[in-house]
$ cat upload.txt   # compact mmCIF, C-alpha atoms and all ligand atoms
# COMPACT_ATOMS: atom_id res chain seq x y z
CA MET A 1 -39.41 -10.43 -17.78
CA ASP A 2 -37.11 -7.57 -18.76
CA ASN A 3 -34.02 -9.67 -18.54
CA VAL A 4 -35.27 -12.22 -21.01
CA ILE A 5 -36.45 -9.71 -23.59
CA GLU A 6 -33.32 -7.62 -23.42
CA PHE A 7 -31.00 -10.55 -23.62
CA ASN A 8 -30.39 -10.41 -27.35
CA GLU A 9 -27.64 -9.12 -29.57
CA PHE A 10 -29.12 -5.70 -30.20
CA THR A 11 -29.56 -4.65 -26.59
CA PHE A 12 -26.35 -6.45 -25.74
CA SER A 13 -24.24 -4.09 -27.82
CA SER A 14 -26.19 -0.90 -27.31
CA SER A 15 -26.59 -1.19 -23.56
CA CYS A 16 -23.01 -2.22 -23.09
CA GLN A 17 -21.76 0.86 -24.91
CA THR A 18 -23.56 3.09 -22.47
CA GLY A 19 -21.53 1.71 -19.60
CA GLU A 20 -17.81 1.93 -18.88
CA ALA A 21 -17.62 -1.84 -18.78
CA CYS A 22 -19.70 -4.91 -19.61
CA CYS A 23 -21.04 -7.33 -17.07
CA TRP A 24 -19.34 -10.62 -17.86
CA LEU A 25 -22.57 -12.50 -17.22
CA CYS A 26 -25.57 -10.46 -18.45
CA GLN A 27 -23.45 -8.35 -20.84
CA LYS A 28 -25.16 -5.13 -19.87
CA GLY A 29 -23.32 -1.89 -19.29
CA THR A 30 -21.91 -1.29 -15.86
CA SER A 31 -19.45 1.09 -14.28
CA LEU A 32 -15.76 0.34 -13.80
CA ARG A 33 -16.12 0.86 -10.07
CA ALA A 34 -19.12 -1.42 -9.65
CA LEU A 35 -18.22 -4.50 -7.67
CA PHE A 36 -21.59 -6.03 -8.53
CA CYS A 37 -23.55 -5.62 -11.75
CA GLN A 38 -26.41 -3.18 -11.21
CA HIS A 39 -28.61 -5.28 -13.52
CA CYS A 40 -28.08 -8.87 -12.47
CA GLY A 41 -26.20 -8.41 -9.19
CA THR A 42 -23.29 -10.63 -10.22
CA ILE A 43 -19.79 -10.04 -8.89
CA GLN A 44 -17.62 -8.28 -11.49
CA PRO A 45 -14.05 -9.05 -12.54
CA VAL A 46 -11.17 -6.88 -11.37
CA ARG A 47 -11.14 -3.67 -13.42
CA PRO A 48 -8.24 -1.29 -13.99
CA LEU A 49 -8.70 1.13 -11.09
CA ASP A 50 -6.26 3.00 -8.90
CA HIS A 51 -6.11 2.05 -5.22
CA PHE A 52 -8.22 5.04 -4.18
CA ALA A 53 -11.03 4.29 -6.62
CA ARG A 54 -10.81 0.62 -5.72
CA LEU A 55 -11.65 1.46 -2.12
CA GLY A 56 -14.21 4.11 -3.04
CA LEU A 57 -12.03 6.93 -1.70
CA GLU A 58 -11.32 10.35 -3.08
CA ARG A 59 -7.87 10.51 -4.65
CA ARG A 60 -5.99 12.55 -2.08
CA ILE A 61 -2.59 12.14 -0.45
CA ASP A 62 -4.17 12.53 2.99
CA VAL A 63 -6.31 9.53 3.72
CA ASP A 64 -8.87 9.58 6.51
CA PRO A 65 -7.90 6.45 8.47
CA VAL A 66 -11.41 5.94 9.86
CA LEU A 67 -12.93 6.10 6.42
CA LEU A 68 -10.26 3.82 5.01
CA GLU A 69 -10.92 1.17 7.67
CA ARG A 70 -14.67 1.44 7.11
CA GLN A 71 -14.43 1.05 3.35
CA TYR A 72 -12.05 -1.87 3.70
CA ALA A 73 -14.29 -3.63 6.23
CA THR A 74 -17.39 -3.12 4.07
CA LEU A 75 -15.71 -4.47 0.96
CA LYS A 76 -14.21 -7.43 2.78
CA LYS A 77 -17.59 -8.32 4.17
CA ALA A 78 -19.27 -8.06 0.76
CA LEU A 79 -16.61 -10.34 -0.69
CA SER A 80 -16.26 -12.85 2.11
CA PRO A 81 -15.86 -16.39 0.73
CA GLU A 82 -18.88 -17.68 2.70
CA ARG A 83 -21.12 -15.44 0.62
CA PHE A 84 -19.87 -17.14 -2.51
CA ALA A 85 -19.75 -20.68 -1.20
CA ILE A 86 -22.71 -21.85 -3.27
CA ARG A 87 -21.83 -19.76 -6.33
CA GLY A 88 -20.23 -21.03 -9.50
CA LEU A 89 -16.52 -21.22 -10.16
CA GLY A 90 -16.54 -17.96 -12.16
CA GLU A 91 -18.11 -15.91 -9.38
CA ARG A 92 -15.93 -17.45 -6.69
CA GLY A 93 -12.88 -16.70 -8.81
CA HIS A 94 -13.84 -13.04 -9.34
CA ALA A 95 -14.62 -12.62 -5.65
CA SER A 96 -11.27 -13.98 -4.53
CA LYS A 97 -9.37 -11.86 -7.06
CA GLN A 98 -11.32 -8.79 -5.95
CA LEU A 99 -10.37 -9.55 -2.35
CA GLU A 100 -6.72 -9.77 -3.34
CA VAL A 101 -6.60 -6.40 -5.07
CA ILE A 102 -8.61 -4.75 -2.30
CA GLU A 103 -6.11 -6.10 0.22
CA THR A 104 -3.22 -4.66 -1.82
CA ALA A 105 -4.98 -1.29 -2.15
CA TYR A 106 -5.67 -1.20 1.58
CA GLN A 107 -2.12 -2.15 2.59
CA THR A 108 -0.71 0.46 0.22
CA LEU A 109 -2.91 3.32 1.34
CA ARG A 110 -2.83 2.73 5.07
CA GLU A 111 0.93 3.16 5.40
CA PRO A 112 2.10 6.71 4.67
CA LEU A 113 5.41 5.59 3.17
CA ARG A 114 3.88 3.09 0.79
CA ARG A 115 1.15 5.58 0.00
CA GLY A 116 3.80 8.23 -0.73
CA ARG A 117 5.67 5.96 -3.11
CA TYR A 118 2.41 4.98 -4.78
CA TRP A 119 1.41 8.64 -5.06
CA LEU A 120 4.61 9.35 -6.96
CA ALA A 121 3.96 6.41 -9.26
CA LEU A 122 0.39 7.62 -9.83
CA HIS A 123 1.81 10.95 -10.94
CA GLU A 124 4.31 9.14 -13.15
CA LYS A 125 7.27 10.37 -11.14
CA GLU A 126 10.10 7.92 -10.99
CA ILE A 127 12.37 7.97 -7.99
CA GLN A 128 15.78 9.27 -9.08
CA GLU A 129 18.78 7.81 -7.33
CA SER A 130 21.28 10.34 -6.05
CA GLU A 131 25.08 10.27 -6.12
CA SER A 132 25.43 11.89 -2.72
CA VAL A 133 24.32 10.12 0.42
CA ASN A 134 22.09 12.02 2.80
CA PRO A 135 24.34 13.45 5.60
CA MET A 136 22.17 12.10 8.41
CA VAL A 137 22.18 8.63 6.85
CA ALA A 138 25.95 8.79 6.29
CA GLU A 139 26.55 9.81 9.90
CA LEU A 140 24.38 7.03 11.32
CA ARG A 141 26.01 4.52 8.97
CA THR A 142 29.48 5.46 10.24
CA GLU A 143 28.32 5.21 13.85
CA LEU A 144 26.80 1.82 13.15
CA ASP A 145 29.99 0.56 11.52
CA GLU A 146 31.89 1.50 14.66
CA ALA A 147 29.27 0.34 17.16
CA SER A 148 30.55 -2.39 19.43
CA ALA A 149 27.95 -2.31 22.17
CA ALA A 150 24.22 -2.96 22.31
CA ALA A 151 23.55 0.44 23.87
CA GLN A 152 25.22 2.17 20.91
CA CYS A 153 23.00 0.18 18.56
CA ASP A 154 19.92 1.22 20.53
CA ARG A 155 20.90 4.88 20.29
CA ILE A 156 21.38 4.59 16.54
CA ALA A 157 18.06 2.77 16.15
CA HIS A 158 16.32 5.44 18.18
CA ARG A 159 17.77 8.28 16.11
CA ALA A 160 17.02 6.49 12.84
CA GLY A 161 13.45 5.86 13.98
CA GLN A 162 12.94 9.51 14.90
CA ALA A 163 14.43 10.67 11.63
CA MET A 164 12.09 8.35 9.77
CA GLU A 165 9.07 9.78 11.53
CA GLN A 166 10.17 13.30 10.64
CA GLY A 167 10.86 12.14 7.10
CA ILE A 168 7.32 10.83 6.73
CA VAL A 169 5.86 14.14 7.91
CA GLY A 170 8.09 15.99 5.44
CA LEU A 171 7.21 13.59 2.67
CA MET A 172 3.49 14.20 3.12
CA GLN A 173 4.04 17.98 3.04
CA ALA A 174 6.15 17.71 -0.09
CA LEU A 175 3.55 15.55 -1.82
CA ARG A 176 0.73 17.86 -0.82
CA SER A 177 2.52 20.79 -2.43
CA GLN A 178 3.64 18.60 -5.36
CA ASN A 179 7.27 19.31 -4.61
CA TRP A 180 8.49 16.17 -6.31
CA GLN A 181 12.20 16.88 -5.86
CA ILE A 182 11.94 17.20 -2.11
CA ALA A 183 9.69 14.15 -1.97
CA ASN A 184 12.31 12.24 -3.95
CA ALA A 185 15.12 13.33 -1.62
CA ILE A 186 13.11 12.38 1.46
CA LEU A 187 12.28 8.97 0.06
CA LEU A 188 15.96 8.29 -0.57
CA GLU A 189 16.73 9.37 2.99
CA VAL A 190 13.99 7.14 4.34
CA ASP A 191 15.29 4.20 2.29
CA GLY A 192 18.73 4.75 3.82
CA LEU A 193 17.24 4.94 7.31
CA GLU A 194 15.22 1.77 6.75
CA SER A 195 18.33 -0.10 5.71
CA ILE A 196 20.18 1.20 8.79
CA LEU A 197 17.32 0.05 11.01
CA GLY A 198 17.52 -3.40 9.47
CA ASP A 199 21.30 -3.58 9.92
CA VAL A 200 21.20 -2.22 13.45
CA ARG A 201 18.85 -5.02 14.44
CA SER A 202 21.14 -7.73 13.12
CA ARG A 203 24.19 -6.02 14.61
CA ARG A 204 22.50 -5.83 17.97
CA SER A 205 21.56 -9.50 18.02
CA ALA A 206 25.08 -10.42 16.90
CA LEU A 207 26.42 -8.43 19.84
CA THR A 208 24.07 -9.90 22.42
CA LEU A 209 23.68 -13.46 21.17
CA PRO A 210 26.97 -15.06 22.29
CA ARG A 211 26.40 -14.09 25.91
CA GLY A 212 22.70 -14.92 25.96
CA ALA A 213 19.74 -12.58 26.32
CA GLY A 214 19.61 -9.67 28.74
CA SER A 215 23.39 -9.37 29.19
CA ASP A 216 23.61 -5.68 30.04
CA GLU A 217 27.29 -5.90 30.85
CA LEU A 218 27.87 -6.09 27.10
CA THR A 219 27.09 -2.40 26.82
CA SER A 220 30.40 -1.60 28.49
CA VAL A 221 32.40 -4.11 26.45
CA LYS A 222 34.53 -2.56 23.75
ZN ZN B 1 -24.97 -8.35 -15.06

$ encode --input "upload.txt" --output "structure tokens" --more "lines below"
Ligand SMILES: [Zn+2]
Amino acid sequence: MDNVIEFNEFTFSSSCQTGEACCWLCQKGTSLRALFCQHCGTIQPVRPLDHFARLGLERRIDVDPVLLERQYATLKKALSPERFAIRGLGERGHASKQLEVIETAYQTLREPLRRGRYWLALHEKEIQESESVNPMVAELRTELDEASAAAQCDRIAHRAGQAMEQGIVGLMQALRSQNWQIANAILLEVDGLESILGDVRSRRSALTLPRGAGSDELTSVK
């Protein structure tokens, strides 16, 4: 049996050096990306990989959503707890940690905004805060401060939502062309819009709550 003969100190060190990583069980060389050891088939511990590599995707700002879903589903299936039910504690532990990091990678890459922020971090670009507030954000903020009717809140929410959508499109373009400054500015704008959207929701419920749900007459109340 190959496994038995090779399982000694000499092959242990030499074979492991040929790989990027060592299998924690058979100690043979394996690749960083390998979820399972190619020699003994054992689940591998979480390795230092970026989210793209983790999901077996090319590192690109534009992610093919169909491919992303497929990779995620395949990995989840390979790591499903039932498959490890009769395995030892070590293997079950590695499988559940792998599931966790795959979930994080998937959640990060599927949402353009999170992906954009992650893309900046991958390129070691830190988001720089700005002294001046984005004019659109400032305008919506003023309107929100003065809003006294649910309909006003809805208009603000609608405009903020639209601006966010445009912001995401612009962010992707900026990241594609590696225009970090523009990407930074858009992210700050989007942060401002997100906070307005959060506040507009609480303002709206504060305006509508005292009179109960569906009170349209509130829209005319000043
Ligand atoms: Zn192995």

$ closest_residue --input "upload.txt" --among "A:Pro135, A:Pro81, A:Gly198, A:Pro112" --to "Glu100 (chain A)" --atoms "all atoms listed in the file"
A:Pro81

$ closest_residue --input "upload.txt" --among "A:Cys23, A:Ala157, A:Ala34, A:Cys16" --to "ligand ZN 1 (chain B)" --atoms "all atoms listed in the file"
A:Cys23

$ residues_near_ligand --input "upload.txt" --ligand "ligand ZN 1 (chain B)" --cutoff "9 Å" --atoms "only C-alpha atoms and all ligand atoms" --output "compact mmCIF listing (two decimals) with C-alpha atoms, keeping the file's coordinate frame"
# COMPACT_ATOMS: atom_id res chain seq x y z
CA CYS A 22 -19.70 -4.91 -19.61
CA CYS A 23 -21.04 -7.33 -17.07
CA TRP A 24 -19.34 -10.62 -17.86
CA LEU A 25 -22.57 -12.50 -17.22
CA CYS A 26 -25.57 -10.46 -18.45
CA GLN A 27 -23.45 -8.35 -20.84
CA LYS A 28 -25.16 -5.13 -19.87
CA GLY A 29 -23.32 -1.89 -19.29
CA THR A 30 -21.91 -1.29 -15.86
CA PHE A 36 -21.59 -6.03 -8.53
CA CYS A 37 -23.55 -5.62 -11.75
CA GLN A 38 -26.41 -3.18 -11.21
CA HIS A 39 -28.61 -5.28 -13.52
CA CYS A 40 -28.08 -8.87 -12.47
CA GLY A 41 -26.20 -8.41 -9.19
CA THR A 42 -23.29 -10.63 -10.22
CA ILE A 43 -19.79 -10.04 -8.89
CA GLN A 44 -17.62 -8.28 -11.49

$ atom_distance --input "upload.txt" --atom1 "CA of Gly93 (chain A)" --atom2 "CA of Leu55 (chain A)"
19.4 Å

$ closest_residue --input "upload.txt" --among "A:Gly19, A:Leu193, A:Leu68, A:Gln178" --to "Leu120 (chain A)" --atoms "only C-alpha atoms"
A:Gln178

$ residues_around --input "upload.txt" --residues "Val133 (chain A)" --least-positions-apart "4" --cutoff "12 Å" --atoms "only C-alpha atoms" --output "list in words"
Glu129, Val137, Ala138, Glu139, Leu140, Arg141, Ala185, Ile186, Leu188, Glu189, Val190, Asp191, Gly192 and Leu193 of chain A

$ atom_distance --input "upload.txt" --atom1 "CA of Ala147 (chain A)" --atom2 "CA of Leu197 (chain A)"
13.4 Å

$ atom_distance --input "upload.txt" --atom1 "CA of Ser195 (chain A)" --atom2 "CA of Ala149 (chain A)"
19.2 Å

$ closest_residue --input "upload.txt" --among "A:Arg92, A:His158, A:Lys76, A:His51" --to "Ala121 (chain A)" --atoms "all atoms listed in the file"
A:His51

$ residues_around --input "upload.txt" --residues "Thr74 (chain A)" --least-positions-apart "6" --cutoff "12 Å" --atoms "only C-alpha atoms" --output "ChimeraX atom specification"
/A:35,55-56,67-68,80,99,102

$ write_last_selection --input "upload.txt" --atoms "C-alpha atoms" --output "mmCIF file, in the frame of the given file"
data_model
loop_
_atom_site.group_PDB
_atom_site.id
_atom_site.type_symbol
_atom_site.label_atom_id
_atom_site.label_comp_id
_atom_site.auth_asym_id
_atom_site.auth_seq_id
_atom_site.Cartn_x
_atom_site.Cartn_y
_atom_site.Cartn_z
ATOM 1 C CA LEU A 35 -18.220 -4.500 -7.670
ATOM 2 C CA LEU A 55 -11.650 1.460 -2.120
ATOM 3 C CA GLY A 56 -14.210 4.110 -3.040
ATOM 4 C CA LEU A 67 -12.930 6.100 6.420
ATOM 5 C CA LEU A 68 -10.260 3.820 5.010
ATOM 6 C CA SER A 80 -16.260 -12.850 2.110
ATOM 7 C CA LEU A 99 -10.370 -9.550 -2.350
ATOM 8 C CA ILE A 102 -8.610 -4.750 -2.300
#

$ axis_aligned_box --input "upload.txt" --around "region 75-79 of chain A" --padding-each-side "4 Å" --output "AutoDock Vina command-line options"
--center_x -16.7 --center_y -7.4 --center_z 1.7 --size_x 13.1 --size_y 13.9 --size_z 12.9

$ residues_around --input "upload.txt" --residues "Gln98 (chain A)" --least-positions-apart "6" --cutoff "8 Å" --atoms "only C-alpha atoms" --output "list of chain:residue names"
A:Pro45, A:Val46, A:Leu79

$ closest_residue --input "upload.txt" --among "A:Asp62, A:Glu124, A:Glu165, A:Asp199" --to "Trp180 (chain A)" --atoms "all atoms listed in the file"
A:Glu124

$ residues_around --input "upload.txt" --residues "Ala183 (chain A)" --least-positions-apart "4" --cutoff "10 Å" --atoms "all atoms listed in the file" --output "list in words"
Gly116, Arg117, Leu120, Ile127, Gly167, Ile168, Gly170, Leu171, Met172, Gln173, Ala174, Leu175, Arg176, Ser177, Gln178, Asn179, Leu187, Leu188 and Glu189 of chain A

$ residues_around --input "upload.txt" --residues "Arg59 (chain A)" --least-positions-apart "6" --cutoff "10 Å" --atoms "only C-alpha atoms" --output "MDAnalysis selection string"
chainID A and resid 50:53 119

$ closest_residue --input "upload.txt" --among "A:Val169, A:Ala73, A:Arg54, A:Gly90" --to "Thr108 (chain A)" --atoms "all atoms listed in the file"
A:Arg54
